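Report on the structure given below.
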Amino acid sequence: MAADVSSWEQLSKGIDLPFHPDIVVPPLHEVRLDIPNPPAVGDVGKAARAAVVERLAFDVTPGMTVAVGAGSRGLSDRVDVLRGTIEGLRDLGAEPFVVPAMGSHGGATAEGQRTMLEELGMTEEAIGAEIRATMDTLEVARTPDGMPLYLDRHAAGADRILPVNRVKPHTCFHGPIESGCTKMAVVGFGKQLGAAQIHACGPIEMRDRLLRGIAALRATGRLLGGVATVESTTGDVVRVEALNADDVGGDAEHELLEYAATLVPALPFPTIDVLIIERGGKDISGTTLDPNVTGRFWINGLEDSVSPKVSNIVLLDITPVSRGNVLGIGLADFIPAAVANQIDWQKTYVNCFTAGASGVRRARMPMVLPDEEACIKAALSMCGKAALEPKKVVRIASTLHMSHCWVSDAVLADLPAGVTRA
């Protein structure tokens with residue numbers, strides 16, 4: 001349950017904060033970031049439908065039941081992609097339905113996961129297919145080293161499964177395959193059990209378990225393929241591709257990841273004293289704030305990015321669709337009481353336990369202060385610079401799509417190449 005609405009406010013307002021009289025929030029100036037800008041896909045739903053028909057025509061037989069995976073991650077045009085996928089499968093004679101393929105998200109309950117899909121616009125009416133939600137799983141395979149592979153009970157009862165997901169760098173490990181169709185197939189479709197066993201280990205073993213898992217799942221013949229999207233930094237869908245079973249976890253998905261990585265750049269400022277993030281959430285990143293953008297991973301066995309080096313992070317809000325699940329709240333250093341009041345510890349801790357080693361440090365509570373101004377002034381006070389010394393402050397809307405941001409005079413005086421004033 002979320003904290004008592006008044007508790008954090010009373011606690012934070014009862015603290016006399018010893019701000020130096022010269023600490024002031026500096027004025028910020030809008031700048032444009034130098035980002036790749038590939039052309040957007042015009043009609044995403046039409047592209048998904050055509051890709052499915054073209055790529056999977058020889059893999060689908062009339063009457064084949066297909067469990068299509070829908071997730072909670074931040075995907076642009078998610079409804080169109082899902083609806084187009086379903087229409088393409090029907091064009092081929094399949095009988096598709098949708099299952100929430102999101103591990104332990106939604107509080108690890110069937111109703112919570114269905115609600116997350118609906119709040120993201122993926123209602124049965126919008127996607128044109130039935131949604132079947134359950135947290136029950138069946139073991140369908142084992143890897144050579146004995147790790148079980150689980151599938152959602154409804155998915156296990158279908159002839160094939162088909163994950164639909166955005167391909168992008170992961171927040172907990174690096175490898176040839178990271179976030180995308182492979183991860184949804186092995187982790188998302190596996191519900192809490194499947195997610196927990198992959199996330200329970202460190203980043204190297206997590207990478208290897210994912211690769212062994214998709215190979216074992218592919219060998220069962222249950223994997224039809226996948227539908228993958230790649231997004232630009234501005235949030236436009238720039239590629240929509242259908243993958244067959246060999247492509248998922250194979251060269252085709254690896255190539256998509258390499259391309260996606262060029263479109264998800266870290267913040268281009270080598271050092272930042274205070275990074276202000278207006279909102280985080282499960283629909284923005286599984287860890288609330290994307291470490292690939294901030295450079296702060298905080299996992300044993302996975303080094304933080306060389307750049308940017310951020311002293312303090314202030315998080316001002318969380319998205320409503322997160323419903324209080326803030327795994328990754330520990331990546332922030334300061335939050336206002338209004339954010340703390342939104343935290344649902346049941347959902348957050350279930351997600352943290354599922355995340356295993358990557359959930360420990362990321363679940364720690366930041367400093368809670370009365371309001372946004374107090375958080376920012378505290379971050380300025382404790383960033384390692386004297387009160388009158390100019391501070392490098394950067395403000396972004398979120399870590400999901402960044403085409404511009406706001407910077408202080410200290411940053412503006414030494415803008416990196418390609419970054420220009422708006």
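We label chains A, B, ... in the order they appear in the structure tokens, count residues from 1 in each chain, and number ligands from 1 in the order shown.
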### Query
Hey, what's within 12 Å of Pro21 of chain A if we count only C-alpha atoms and toss same-chain stuff fewer than 2 positions away? As a VMD selection string, please?
chain A and resid 17 to 19 23 to 25 377 381 386 to 388
### Task
Write out as a ChimeraX atom specification which residues come within 12 Å of Leu223 of chain A when counting only C-alpha atoms, dropping same-chain ones fewer than 6 positions away.
/A:56,59-60,65-69,140,151,155-156,158-163,181-182,184-186,189,213-217,243-249
### Task
Using DSSP on the backbone coordinates, identify all residues within segment 92-306 of chain A classified as alpha helix (DSSP H); present the result as a PyMOL selection string.
chain A and resi 110-119+124-127+153-156+181-183+191-199+203-219+251-261+291-294
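Of the residues under consideration (A:Arg239, A:His199, A:Lys309, A:His105), A:Arg239 shows the shortest atom-to-atom contact distance to Val167 of chain A when counting only C-alpha atoms.
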### Summary
Counting only C-alpha atoms, the residue among A:Thr354, A:Gly42, A:Ile272, A:Glu130 that lies closest to Leu380 of chain A is A:Ile272
### Message
Give me the residues near Gln346 of chain A as a list in words, where near means some atom within 10 Å (using only C-alpha atoms) and where sequence neighbours in that chain fewer than 2 positions away do not count.
### Response
Met1, Ala2, Gly107, Ala108, Gly324, Asn325, Ile343, Asp344, Thr348, Tyr349, Val350, Asn351 and Cys352 of chain A
Would you output that residue set with C-alpha atoms, as a PDB file, in the first residue's frame?
ATOM      1  CA  MET A   1       0.000   0.000   0.000  1.00  0.00           C
ATOM      2  CA  ALA A   2       1.079   3.568  -0.608  1.00  0.00           C
ATOM      3  CA  GLY A 107       1.891  -5.738  -8.734  1.00  0.00           C
ATOM      4  CA  ALA A 108       2.344  -9.329  -9.968  1.00  0.00           C
ATOM      5  CA  GLY A 324       3.315   3.510  -7.360  1.00  0.00           C
ATOM      6  CA  ASN A 325       5.810   0.934  -8.641  1.00  0.00           C
ATOM      7  CA  ILE A 343       4.962   4.941  -3.721  1.00  0.00           C
ATOM      8  CA  ASP A 344       3.246   1.578  -3.428  1.00  0.00           C
ATOM      9  CA  THR A 348       7.769  -1.852  -5.663  1.00  0.00           C
ATOM     10  CA  TYR A 349       9.211  -4.546  -3.427  1.00  0.00           C
ATOM     11  CA  VAL A 350       7.688  -7.388  -5.448  1.00  0.00           C
ATOM     12  CA  ASN A 351       9.395  -5.891  -8.492  1.00  0.00           C
ATOM     13  CA  CYS A 352      12.635  -5.438  -6.513  1.00  0.00           C
TER      14      CYS A 352
END
### Query
For Gly103 of chain A, which residue out of A:Asp136, A:Asp317, A:Glu9, A:Asp409 is the nearest one, using only C-alpha atoms?
A:Asp136
### Query
Which residues, written as a list in words, have at least one atom at most 9 Å from Arg32 of chain A, with only C-alpha atoms counted and residues fewer than 5 positions away on the same chain left out?
Ser403, His404, Cys405, Trp406, Gly418, Val419, Thr420, Arg421 and Ala422 of chain A
### Task
Go through A:Ser179, A:Ser358, A:Thr143, A:Thr233 and flag the residue nearest Arg218 of chain A, using only C-alpha atoms for the distances.
A:Thr143
With 8 Å as the cut-off and only C-alpha atoms counted, what is the closest atom pair between each nearby residue of segment 395-416 of chain A and segment 289-299 of chain A? Distances in Å to one decimal, ordered by chain and number, as a Markdown table.
| residue | atom | partner | partner_atom | distance |
| --- | --- | --- | --- | --- |
| A:Ser398 | CA | A:Leu289 | CA | 7.6 |
| A:Thr399 | CA | A:Asp290 | CA | 5.7 |
| A:Leu400 | CA | A:Asp290 | CA | 7.3 |
Output file for the selection above: C-alpha atoms, as a PDB file, in the first residue's frame:
ATOM      1  CA  SER A 398      12.279  12.226 -18.814  1.00  0.00           C
ATOM      2  CA  THR A 399      14.907   9.696 -19.865  1.00  0.00           C
ATOM      3  CA  LEU A 400      12.702   8.216 -22.586  1.00  0.00           C
TER       4      LEU A 400
END
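Between Glu278 of chain A and the residues A:Ile335, A:Ala397, A:Val411, A:Ala70, the shortest atom-to-atom distance, using only C-alpha atoms, involves A:Ala397.
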#### Entry: Contacts of Ala355 of chain A within 9 Å, only C-alpha atoms, excl. fewer than 6 positions in-chain, as a list of chain:residue names
A:Ala195, A:Ala196, A:Gln197, A:Ile198, A:His199, A:Ala200, A:Cys201, A:Leu327
Just write the chosen residues, C-alpha atoms, as a short mmCIF file (atom, residue, chain, number, x, y, z; two decimals), in the first residue's frame.
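See selection.cif below for the written result:
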data_model
loop_
_atom_site.label_atom_id
_atom_site.label_comp_id
_atom_site.auth_asym_id
_atom_site.auth_seq_id
_atom_site.Cartn_x
_atom_site.Cartn_y
_atom_site.Cartn_z
CA ALA A 195 11.45 -12.84 -14.48
CA ALA A 196 12.88 -13.62 -11.06
CA GLN A 197 15.24 -16.37 -12.19
CA ILE A 198 16.71 -14.27 -14.98
CA HIS A 199 17.09 -11.13 -12.87
CA ALA A 200 18.30 -12.95 -9.75
CA CYS A 201 21.89 -13.10 -10.95
CA LEU A 327 11.83 0.11 -8.75
#
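Going from atom CA of Leu33 of chain A to atom CA of Cys375 of chain A covers 25.7 Å.
Distances from A:Leu224, A:Ala261, A:Ala363, A:Met206 to Thr61 of chain A were compared using only C-alpha atoms, and the smallest one belongs to A:Leu224.
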### Query
Near Pro176 of chain A, counting only C-alpha atoms, which residues have an atom at most 10 Å away, once you skip same-chain residues fewer than 4 positions from it, shown as a list in words?
Pro169, Arg207, Leu211, Gly249, Gly250, Asp251, Glu253, His254, Glu255, Leu257 and Glu258 of chain A
For N, CA and C atoms, I'd like the residues from the last selection saved as a short mmCIF file (atom, residue, chain, number, x, y, z; two decimals), in the first residue's frame.
data_model
loop_
_atom_site.label_atom_id
_atom_site.label_comp_id
_atom_site.auth_asym_id
_atom_site.auth_seq_id
_atom_site.Cartn_x
_atom_site.Cartn_y
_atom_site.Cartn_z
N PRO A 169 18.71 -0.76 -25.71
CA PRO A 169 19.66 -1.19 -24.67
C PRO A 169 18.96 -1.46 -23.35
N ARG A 207 22.81 -12.04 -18.84
CA ARG A 207 22.97 -12.08 -20.30
C ARG A 207 22.98 -13.52 -20.81
N LEU A 211 20.21 -15.79 -23.25
CA LEU A 211 20.56 -16.43 -24.50
C LEU A 211 20.29 -17.93 -24.46
N GLY A 249 16.55 -13.56 -30.91
CA GLY A 249 17.77 -13.98 -30.24
C GLY A 249 18.91 -14.25 -31.19
N GLY A 250 18.69 -14.02 -32.48
CA GLY A 250 19.69 -14.27 -33.49
C GLY A 250 20.25 -12.99 -34.09
N ASP A 251 20.85 -13.14 -35.27
CA ASP A 251 21.54 -12.01 -35.90
C ASP A 251 20.60 -10.84 -36.19
N GLU A 253 17.86 -9.79 -34.60
CA GLU A 253 17.57 -8.98 -33.41
C GLU A 253 18.83 -8.26 -32.92
N HIS A 254 19.98 -8.91 -33.06
CA HIS A 254 21.24 -8.27 -32.68
C HIS A 254 21.49 -7.01 -33.52
N GLU A 255 21.21 -7.11 -34.81
CA GLU A 255 21.40 -5.95 -35.69
C GLU A 255 20.47 -4.81 -35.30
N LEU A 257 19.35 -4.23 -32.29
CA LEU A 257 19.88 -3.65 -31.05
C LEU A 257 21.03 -2.69 -31.34
N GLU A 258 21.93 -3.09 -32.23
CA GLU A 258 23.06 -2.21 -32.57
C GLU A 258 22.56 -0.89 -33.14
#
### Residues within 9 Å of His174 of chain A, only C-alpha atoms, excluding chain neighbours under 3 positions, as a PyMOL selection string
chain A and resi 169-171+177-178+203-204+207+302
### Message
Please identify the strand (DSSP E or B) residues within segment 129-258 of chain A (assignment by DSSP from backbone atoms) and present them as a VMD selection string.
### Response
chain A and resid 131 137 to 142 148 to 152 160 to 166 168 179 223 225 to 231 237 to 244
